[in-house]
Amino acid sequence: MKTNSIYLDFNATTPLWPNVQDTLHRAMGYFGNPSSIHAWGRQAQGMIEGAREKIAQAVNVHPSQVIFTSSGTEANNLVLQTYPDEAIISSTVEHVSVLHCSEKATRMPVDQNGLVRPEQVEKLLRHQKASLLSLMLANNETGVIQPLSEIAKIAHAHGCRLHTDAVQAFGKIPVDFQELDVDYLSLSAHKIGGPKGIGALIIRDDAPLTSFMKGGGQERRRRAGTENFLGILGFAAAVEEISRFDWHKVLDMRVLLEKQLKELGITIVAENTTRLPNTISAIYPSLSSEMLVMQYDLSGIAISAGSACSSGKVQKSHVLSAMGQDTDSAIRISLGWTTTEQDIETFVSVTKQLLNNPVQEAA
Ligand code: PLP
């Protein structure tokens, strides 16, 4: 059943674009510290500012609103740690980097399609004083896109700041900071074909921020530490590539794959809800998530059981549980720019074999 390798785990991380690799190779030739005032330093600083402009342009903000961080996780932490837990409202389907740094926050429930309902936000804010609402733009497991602009109006009417984790949405759907009308927005390079270990926080000029990295005055005193020069340049190159990418073909492949999976008795989570063009959360009639991930892997196919888990263990999805789906037979299939129609065909034929000859799971 061994096939050629097929990567369908783009929401975990992505291959580097060739142009990003070239940019990284070239960037290795520069070593100046961007904080140094001599020519080497000024050159590095100039290159960082060029990269900042590209990222700012992609989300429609002024470059001074872009703060480079070590990851999407750090961007989320920066915002959430600025506010006391009790003053934060978020949702039950957030990424762990939001959930784990606001443990006492109030969590908005989601409906069976994974959506936070604007009228519930309104109701909650009428009864509870909150300073920050943190709501992801698109979910990493299901791809469900939240009605954020509508929620922004409600939050601001109640004097509440709005943060969105746009790590999965950015590059796949339009992400315009002004149009979304948010105060903070988190990004990560490795989800869009850039290097790992570099992210950004986009911030409204008047929004408060408490920096937990103390040290030098980098990033306008908002994030100390010598900048990740290679990462920043690679991030900007990835932004250029992803902005040019046409997702229509990926969406067509996703729709075709979903149709074929349904014919095999597999359920597509939030099937009729607006979702990212590349993400499928699928519940199988038999076999556990863990077994499915292993069996596909043996067939040379990379998928995941929900989010990428740093412990390497498959855990029940908190996202699906929050949507009322009590299952341990779900997997996430996430497509990207290397995905071909042949990959989809192979995936379907391997799926048929798996369902017809299920491997016995240990009791
Ligand atoms: N937020 C979401 C929605 C994610 O999917 C991820 C990564 O999986 C993160 C945040 C964390 O980003 P990073 O891997 O850059 O820390």
# chains A, B, ... in the order shown; residues from 1 in each chain; ligands from 1
$ residues_around --residues "A:Val59" --least-positions-apart "2" --cutoff "7 Å" --atoms "only C-alpha atoms" --output "PyMOL selection string"
chain A and resi 55-57+61+175-177
$ write_last_selection --atoms "N, CA and C atoms" --output "PDB file, in the first residue's frame"
ATOM      1  N   ILE A  55       5.412  43.269   4.778  1.00  0.00           N
ATOM      2  CA  ILE A  55       4.421  42.604   5.642  1.00  0.00           C
ATOM      3  C   ILE A  55       3.310  43.588   6.005  1.00  0.00           C
ATOM      4  N   ALA A  56       3.708  44.836   6.273  1.00  0.00           N
ATOM      5  CA  ALA A  56       2.717  45.869   6.609  1.00  0.00           C
ATOM      6  C   ALA A  56       1.737  46.061   5.450  1.00  0.00           C
ATOM      7  N   GLN A  57       2.300  46.119   4.257  1.00  0.00           N
ATOM      8  CA  GLN A  57       1.464  46.327   3.070  1.00  0.00           C
ATOM      9  C   GLN A  57       0.458  45.172   2.908  1.00  0.00           C
ATOM     10  N   VAL A  61      -1.357  48.022   6.919  1.00  0.00           N
ATOM     11  CA  VAL A  61      -1.044  48.879   8.078  1.00  0.00           C
ATOM     12  C   VAL A  61       0.238  49.665   7.797  1.00  0.00           C
ATOM     13  N   VAL A 175      -6.695  39.291   4.532  1.00  0.00           N
ATOM     14  CA  VAL A 175      -6.592  39.715   5.937  1.00  0.00           C
ATOM     15  C   VAL A 175      -6.180  41.183   5.924  1.00  0.00           C
ATOM     16  N   ASP A 176      -7.169  42.062   6.126  1.00  0.00           N
ATOM     17  CA  ASP A 176      -6.936  43.501   6.100  1.00  0.00           C
ATOM     18  C   ASP A 176      -7.230  44.035   7.508  1.00  0.00           C
ATOM     19  N   PHE A 177      -6.183  44.493   8.163  1.00  0.00           N
ATOM     20  CA  PHE A 177      -6.291  44.935   9.561  1.00  0.00           C
ATOM     21  C   PHE A 177      -7.374  46.004   9.726  1.00  0.00           C
TER      22      PHE A 177
END
$ select_by_dssp --residues "stretch 66-211 of chain A" --states "strand (DSSP E)" --output "tab-separated table (two decimals) with N, CA, C and O atoms, in the first residue's frame"
chain	number	residue	atom	x	y	z
A	66	VAL	N	4.07	46.95	12.88
A	66	VAL	CA	4.50	45.55	12.80
A	66	VAL	C	5.59	45.29	13.83
A	66	VAL	O	6.63	45.94	13.81
A	67	ILE	N	5.35	44.36	14.75
A	67	ILE	CA	6.37	43.98	15.74
A	67	ILE	C	6.78	42.55	15.43
A	67	ILE	O	5.94	41.63	15.46
A	68	PHE	N	8.05	42.32	15.14
A	68	PHE	CA	8.49	40.94	14.89
A	68	PHE	C	8.62	40.18	16.21
A	68	PHE	O	9.10	40.72	17.21
A	69	THR	N	8.17	38.92	16.18
A	69	THR	CA	8.22	38.06	17.36
A	69	THR	C	8.87	36.73	16.94
A	69	THR	O	9.13	36.52	15.76
A	88	ILE	N	-10.37	39.21	30.25
A	88	ILE	CA	-10.30	38.67	28.89
A	88	ILE	C	-11.49	37.75	28.59
A	88	ILE	O	-11.88	36.93	29.42
A	89	ILE	N	-12.02	37.90	27.38
A	89	ILE	CA	-13.00	36.93	26.89
A	89	ILE	C	-12.40	36.33	25.62
A	89	ILE	O	-11.86	37.06	24.77
A	90	SER	N	-12.41	34.99	25.51
A	90	SER	CA	-12.00	34.39	24.24
A	90	SER	C	-13.00	33.27	23.94
A	90	SER	O	-14.11	33.30	24.46
A	91	SER	N	-12.63	32.31	23.12
A	91	SER	CA	-13.60	31.26	22.79
A	91	SER	C	-13.05	29.90	23.17
A	91	SER	O	-11.86	29.76	23.48
A	106	THR	N	-12.90	34.25	30.46
A	106	THR	CA	-14.24	33.73	30.13
A	106	THR	C	-14.19	33.20	28.70
A	106	THR	O	-13.65	33.85	27.81
A	107	ARG	N	-14.73	31.99	28.49
A	107	ARG	CA	-14.72	31.41	27.14
A	107	ARG	C	-16.11	31.46	26.52
A	107	ARG	O	-17.06	30.90	27.07
A	108	MET	N	-16.17	32.08	25.35
A	108	MET	CA	-17.44	32.08	24.59
A	108	MET	C	-17.65	30.69	24.01
A	108	MET	O	-16.72	30.14	23.40
A	132	LEU	N	-10.47	42.91	26.88
A	132	LEU	CA	-9.94	42.30	25.66
A	132	LEU	C	-10.80	41.12	25.23
A	132	LEU	O	-11.08	40.23	26.04
A	133	LEU	N	-11.15	41.12	23.95
A	133	LEU	CA	-11.79	39.94	23.36
A	133	LEU	C	-10.77	39.35	22.39
A	133	LEU	O	-10.24	40.06	21.53
A	134	SER	N	-10.43	38.07	22.58
A	134	SER	CA	-9.46	37.42	21.70
A	134	SER	C	-10.16	36.30	20.95
A	134	SER	O	-10.58	35.32	21.55
A	161	ARG	N	-11.16	45.98	23.62
A	161	ARG	CA	-10.19	45.79	22.53
A	161	ARG	C	-10.39	44.42	21.90
A	161	ARG	O	-10.83	43.49	22.60
A	162	LEU	N	-10.00	44.28	20.62
A	162	LEU	CA	-10.17	42.99	19.94
A	162	LEU	C	-8.84	42.50	19.38
A	162	LEU	O	-8.16	43.22	18.65
A	163	HIS	N	-8.48	41.28	19.76
A	163	HIS	CA	-7.29	40.62	19.21
A	163	HIS	C	-7.75	39.46	18.35
A	163	HIS	O	-8.67	38.73	18.73
A	164	THR	N	-7.10	39.29	17.18
A	164	THR	CA	-7.38	38.08	16.42
A	164	THR	C	-6.11	37.33	16.09
A	164	THR	O	-5.11	37.91	15.68
A	165	ASP	N	-6.18	36.02	16.29
A	165	ASP	CA	-5.10	35.12	15.90
A	165	ASP	C	-5.38	34.77	14.44
A	165	ASP	O	-6.27	33.98	14.14
A	184	TYR	N	-5.35	44.14	17.55
A	184	TYR	CA	-4.13	43.32	17.51
A	184	TYR	C	-4.39	42.14	16.56
A	184	TYR	O	-5.50	41.60	16.54
A	185	LEU	N	-3.32	41.72	15.88
A	185	LEU	CA	-3.47	40.59	14.95
A	185	LEU	C	-2.15	39.81	14.93
A	185	LEU	O	-1.08	40.39	14.79
A	186	SER	N	-2.25	38.49	15.11
A	186	SER	CA	-1.03	37.65	15.17
A	186	SER	C	-0.80	36.91	13.85
A	186	SER	O	-1.75	36.40	13.24
A	187	LEU	N	0.48	36.81	13.47
A	187	LEU	CA	0.87	36.13	12.23
A	187	LEU	C	2.04	35.18	12.50
A	187	LEU	O	2.78	35.37	13.47
A	188	SER	N	2.22	34.19	11.62
A	188	SER	CA	3.36	33.28	11.74
A	188	SER	C	3.85	32.92	10.34
A	188	SER	O	3.04	32.62	9.45
A	199	GLY	N	7.45	35.29	13.68
A	199	GLY	CA	6.06	35.70	13.57
A	199	GLY	C	5.98	37.20	13.71
A	199	GLY	O	7.01	37.89	13.75
A	200	ALA	N	4.77	37.71	13.78
A	200	ALA	CA	4.62	39.16	13.96
A	200	ALA	C	3.32	39.44	14.69
A	200	ALA	O	2.35	38.70	14.56
A	201	LEU	N	3.38	40.53	15.45
A	201	LEU	CA	2.15	41.06	16.04
A	201	LEU	C	1.89	42.40	15.36
A	201	LEU	O	2.77	43.26	15.29
A	202	ILE	N	0.69	42.56	14.83
A	202	ILE	CA	0.28	43.84	14.23
A	202	ILE	C	-0.57	44.54	15.29
A	202	ILE	O	-1.45	43.92	15.90
A	203	ILE	N	-0.26	45.81	15.52
A	203	ILE	CA	-0.92	46.50	16.64
A	203	ILE	C	-1.43	47.86	16.22
A	203	ILE	O	-0.77	48.56	15.44
$ residues_around --residues "stretch 136-142 of chain A" --least-positions-apart "5" --cutoff "7 Å" --atoms "only C-alpha atoms" --output "PDB file with N, CA, C and O atoms, in the first residue's frame"
ATOM      1  N   ASN A  11      -1.514  22.859   7.504  1.00  0.00           N
ATOM      2  CA  ASN A  11      -1.837  23.714   8.656  1.00  0.00           C
ATOM      3  C   ASN A  11      -0.848  23.483   9.807  1.00  0.00           C
ATOM      4  O   ASN A  11      -0.776  24.292  10.729  1.00  0.00           O
ATOM      5  N   GLU A  94     -10.058  28.289  20.623  1.00  0.00           N
ATOM      6  CA  GLU A  94      -8.782  28.969  20.325  1.00  0.00           C
ATOM      7  C   GLU A  94      -7.612  27.989  20.318  1.00  0.00           C
ATOM      8  O   GLU A  94      -7.681  26.901  20.898  1.00  0.00           O
ATOM      9  N   LEU A 148     -15.741  38.089  12.093  1.00  0.00           N
ATOM     10  CA  LEU A 148     -14.971  38.967  12.969  1.00  0.00           C
ATOM     11  C   LEU A 148     -15.353  40.447  12.891  1.00  0.00           C
ATOM     12  O   LEU A 148     -15.421  41.124  13.924  1.00  0.00           O
ATOM     13  N   THR A 164      -7.101  39.293  17.181  1.00  0.00           N
ATOM     14  CA  THR A 164      -7.384  38.078  16.422  1.00  0.00           C
ATOM     15  C   THR A 164      -6.111  37.326  16.085  1.00  0.00           C
ATOM     16  O   THR A 164      -5.109  37.915  15.679  1.00  0.00           O
ATOM     17  N   ASP A 165      -6.175  36.022  16.294  1.00  0.00           N
ATOM     18  CA  ASP A 165      -5.096  35.124  15.902  1.00  0.00           C
ATOM     19  C   ASP A 165      -5.379  34.767  14.438  1.00  0.00           C
ATOM     20  O   ASP A 165      -6.266  33.980  14.136  1.00  0.00           O
ATOM     21  N   ALA A 166      -4.605  35.406  13.550  1.00  0.00           N
ATOM     22  CA  ALA A 166      -4.832  35.205  12.109  1.00  0.00           C
ATOM     23  C   ALA A 166      -3.770  34.284  11.510  1.00  0.00           C
ATOM     24  O   ALA A 166      -3.529  34.308  10.299  1.00  0.00           O
ATOM     25  N   GLN A 168      -3.648  31.104  10.883  1.00  0.00           N
ATOM     26  CA  GLN A 168      -4.066  30.187   9.804  1.00  0.00           C
ATOM     27  C   GLN A 168      -4.743  30.910   8.654  1.00  0.00           C
ATOM     28  O   GLN A 168      -4.706  30.442   7.516  1.00  0.00           O
ATOM     29  N   ALA A 169      -5.371  32.035   8.953  1.00  0.00           N
ATOM     30  CA  ALA A 169      -6.125  32.741   7.898  1.00  0.00           C
ATOM     31  C   ALA A 169      -5.199  33.471   6.931  1.00  0.00           C
ATOM     32  O   ALA A 169      -5.435  33.476   5.712  1.00  0.00           O
ATOM     33  N   VAL A 269     -16.704  18.015   8.876  1.00  0.00           N
ATOM     34  CA  VAL A 269     -17.108  18.912   9.968  1.00  0.00           C
ATOM     35  C   VAL A 269     -17.380  20.319   9.416  1.00  0.00           C
ATOM     36  O   VAL A 269     -16.610  20.830   8.594  1.00  0.00           O
ATOM     37  N   THR A 279      -8.721  23.495   4.150  1.00  0.00           N
ATOM     38  CA  THR A 279      -8.809  22.682   5.385  1.00  0.00           C
ATOM     39  C   THR A 279     -10.044  21.791   5.442  1.00  0.00           C
ATOM     40  O   THR A 279     -11.154  22.269   5.242  1.00  0.00           O
ATOM     41  N   ILE A 280      -9.813  20.524   5.756  1.00  0.00           N
ATOM     42  CA  ILE A 280     -10.918  19.585   5.967  1.00  0.00           C
ATOM     43  C   ILE A 280     -10.727  18.928   7.329  1.00  0.00           C
ATOM     44  O   ILE A 280      -9.652  18.387   7.624  1.00  0.00           O
ATOM     45  N   SER A 281     -11.789  18.953   8.129  1.00  0.00           N
ATOM     46  CA  SER A 281     -11.794  18.138   9.339  1.00  0.00           C
ATOM     47  C   SER A 281     -12.798  17.026   9.058  1.00  0.00           C
ATOM     48  O   SER A 281     -13.957  17.299   8.741  1.00  0.00           O
ATOM     49  N   GLY A 306      -6.229  16.610  14.115  1.00  0.00           N
ATOM     50  CA  GLY A 306      -6.435  17.936  14.674  1.00  0.00           C
ATOM     51  C   GLY A 306      -5.175  18.750  14.568  1.00  0.00           C
ATOM     52  O   GLY A 306      -4.491  18.704  13.553  1.00  0.00           O
ATOM     53  N   SER A 307      -4.840  19.463  15.645  1.00  0.00           N
ATOM     54  CA  SER A 307      -3.686  20.350  15.566  1.00  0.00           C
ATOM     55  C   SER A 307      -2.398  19.560  15.731  1.00  0.00           C
ATOM     56  O   SER A 307      -2.394  18.454  16.263  1.00  0.00           O
ATOM     57  N   ARG A 332      -7.395  15.775  10.400  1.00  0.00           N
ATOM     58  CA  ARG A 332      -7.356  17.027   9.637  1.00  0.00           C
ATOM     59  C   ARG A 332      -6.537  16.798   8.372  1.00  0.00           C
ATOM     60  O   ARG A 332      -5.415  16.289   8.448  1.00  0.00           O
TER      61      ARG A 332
END
$ select_by_dssp --residues "stretch 131-265 of chain A" --states "helix (DSSP H, G or I)" --output "PyMOL selection string"
chain A and resi 148-157+177-180+189-191+218-221+229-244+248-263
$ closest_residue --among "A:Pro34, A:Gly46, A:Gly194, A:Gly29" --to "ligand 1" --atoms "only C-alpha atoms and all ligand atoms"
A:Gly194
$ closest_residue --among "A:Glu74, A:Asp326, A:Glu53, A:Asp183" --to "ligand 1" --atoms "only C-alpha atoms and all ligand atoms"
A:Glu74
$ atom_distance --atom1 "atom CA of A:Lys54" --atom2 "atom 15 (O, counted along the ligand's line) of ligand 1"
18.8 Å
$ closest_residue --among "A:Lys191, A:Arg220, A:Arg117, A:Arg126" --to "A:Gly159" --atoms "only C-alpha atoms"
A:Arg126
$ closest_residue --among "A:Glu103, A:Asp181, A:Asp246, A:Asp9" --to "ligand 1" --atoms "only C-alpha atoms and all ligand atoms"
A:Asp9
$ closest_residue --among "A:Gly300, A:Pro208, A:Pro277, A:Gly197" --to "A:Thr13" --atoms "only C-alpha atoms"
A:Gly197
$ closest_residue --among "A:Thr273, A:Thr339, A:Leu99, A:Ile6" --to "A:Asp252" --atoms "only C-alpha atoms"
A:Thr339
$ atom_distance --atom1 "atom CA of A:Val319" --atom2 "atom CA of A:Val93"
4.8 Å
$ residues_around --residues "A:Ser35" --least-positions-apart "3" --cutoff "12 Å" --atoms "only C-alpha atoms" --output "ChimeraX atom specification"
/A:31-32,38-46,48,216-220,224-227,229
$ write_last_selection --atoms "C-alpha atoms" --output "PDB file, in the first residue's frame"
ATOM      1  CA  PHE A  31      25.956  39.587   9.385  1.00  0.00           C
ATOM      2  CA  GLY A  32      25.651  43.148  10.734  1.00  0.00           C
ATOM      3  CA  HIS A  38      28.135  51.461  11.482  1.00  0.00           C
ATOM      4  CA  ALA A  39      27.557  50.568   7.825  1.00  0.00           C
ATOM      5  CA  TRP A  40      27.136  46.820   8.496  1.00  0.00           C
ATOM      6  CA  GLY A  41      24.445  47.508  11.052  1.00  0.00           C
ATOM      7  CA  ARG A  42      22.671  50.093   8.916  1.00  0.00           C
ATOM      8  CA  GLN A  43      22.590  47.665   6.009  1.00  0.00           C
ATOM      9  CA  ALA A  44      20.968  44.931   8.119  1.00  0.00           C
ATOM     10  CA  GLN A  45      18.516  47.446   9.625  1.00  0.00           C
ATOM     11  CA  GLY A  46      17.599  48.677   6.137  1.00  0.00           C
ATOM     12  CA  ILE A  48      14.690  44.482   8.045  1.00  0.00           C
ATOM     13  CA  GLY A 216      17.473  46.460  24.352  1.00  0.00           C
ATOM     14  CA  GLY A 217      15.249  48.941  22.563  1.00  0.00           C
ATOM     15  CA  GLN A 218      14.528  46.828  19.492  1.00  0.00           C
ATOM     16  CA  GLU A 219      11.124  46.894  17.801  1.00  0.00           C
ATOM     17  CA  ARG A 220      10.454  50.399  19.205  1.00  0.00           C
ATOM     18  CA  ALA A 224      13.716  43.332  23.156  1.00  0.00           C
ATOM     19  CA  GLY A 225      16.348  41.057  21.620  1.00  0.00           C
ATOM     20  CA  THR A 226      18.459  41.168  18.479  1.00  0.00           C
ATOM     21  CA  GLU A 227      16.136  40.614  15.546  1.00  0.00           C
ATOM     22  CA  PHE A 229      17.402  38.728  10.589  1.00  0.00           C
TER      23      PHE A 229
END
$ residues_around --residues "A:Arg222" --least-positions-apart "5" --cutoff "9 Å" --atoms "only C-alpha atoms" --output "number ranges by chain"
A: 67, 209-214, 217
$ write_last_selection --atoms "N, CA and C atoms" --output "PDB file, in the first residue's frame"
ATOM      1  N   ILE A  67       5.348  44.360  14.748  1.00  0.00           N
ATOM      2  CA  ILE A  67       6.372  43.981  15.739  1.00  0.00           C
ATOM      3  C   ILE A  67       6.783  42.547  15.431  1.00  0.00           C
ATOM      4  N   LEU A 209       0.399  47.670  25.264  1.00  0.00           N
ATOM      5  CA  LEU A 209       1.178  46.435  25.136  1.00  0.00           C
ATOM      6  C   LEU A 209       2.233  46.401  26.223  1.00  0.00           C
ATOM      7  N   THR A 210       2.260  45.309  26.982  1.00  0.00           N
ATOM      8  CA  THR A 210       3.300  45.136  27.996  1.00  0.00           C
ATOM      9  C   THR A 210       4.282  44.109  27.463  1.00  0.00           C
ATOM     10  N   SER A 211       5.520  44.559  27.295  1.00  0.00           N
ATOM     11  CA  SER A 211       6.511  43.638  26.751  1.00  0.00           C
ATOM     12  C   SER A 211       7.072  42.762  27.860  1.00  0.00           C
ATOM     13  N   PHE A 212       7.136  41.436  27.614  1.00  0.00           N
ATOM     14  CA  PHE A 212       7.745  40.594  28.653  1.00  0.00           C
ATOM     15  C   PHE A 212       9.203  40.295  28.362  1.00  0.00           C
ATOM     16  N   MET A 213       9.685  40.694  27.198  1.00  0.00           N
ATOM     17  CA  MET A 213      11.109  40.562  26.896  1.00  0.00           C
ATOM     18  C   MET A 213      11.773  41.885  27.269  1.00  0.00           C
ATOM     19  N   LYS A 214      12.596  41.855  28.301  1.00  0.00           N
ATOM     20  CA  LYS A 214      13.261  43.087  28.734  1.00  0.00           C
ATOM     21  C   LYS A 214      14.682  43.079  28.213  1.00  0.00           C
ATOM     22  N   GLY A 217      16.400  48.148  23.015  1.00  0.00           N
ATOM     23  CA  GLY A 217      15.249  48.941  22.563  1.00  0.00           C
ATOM     24  C   GLY A 217      14.706  48.515  21.214  1.00  0.00           C
TER      25      GLY A 217
END
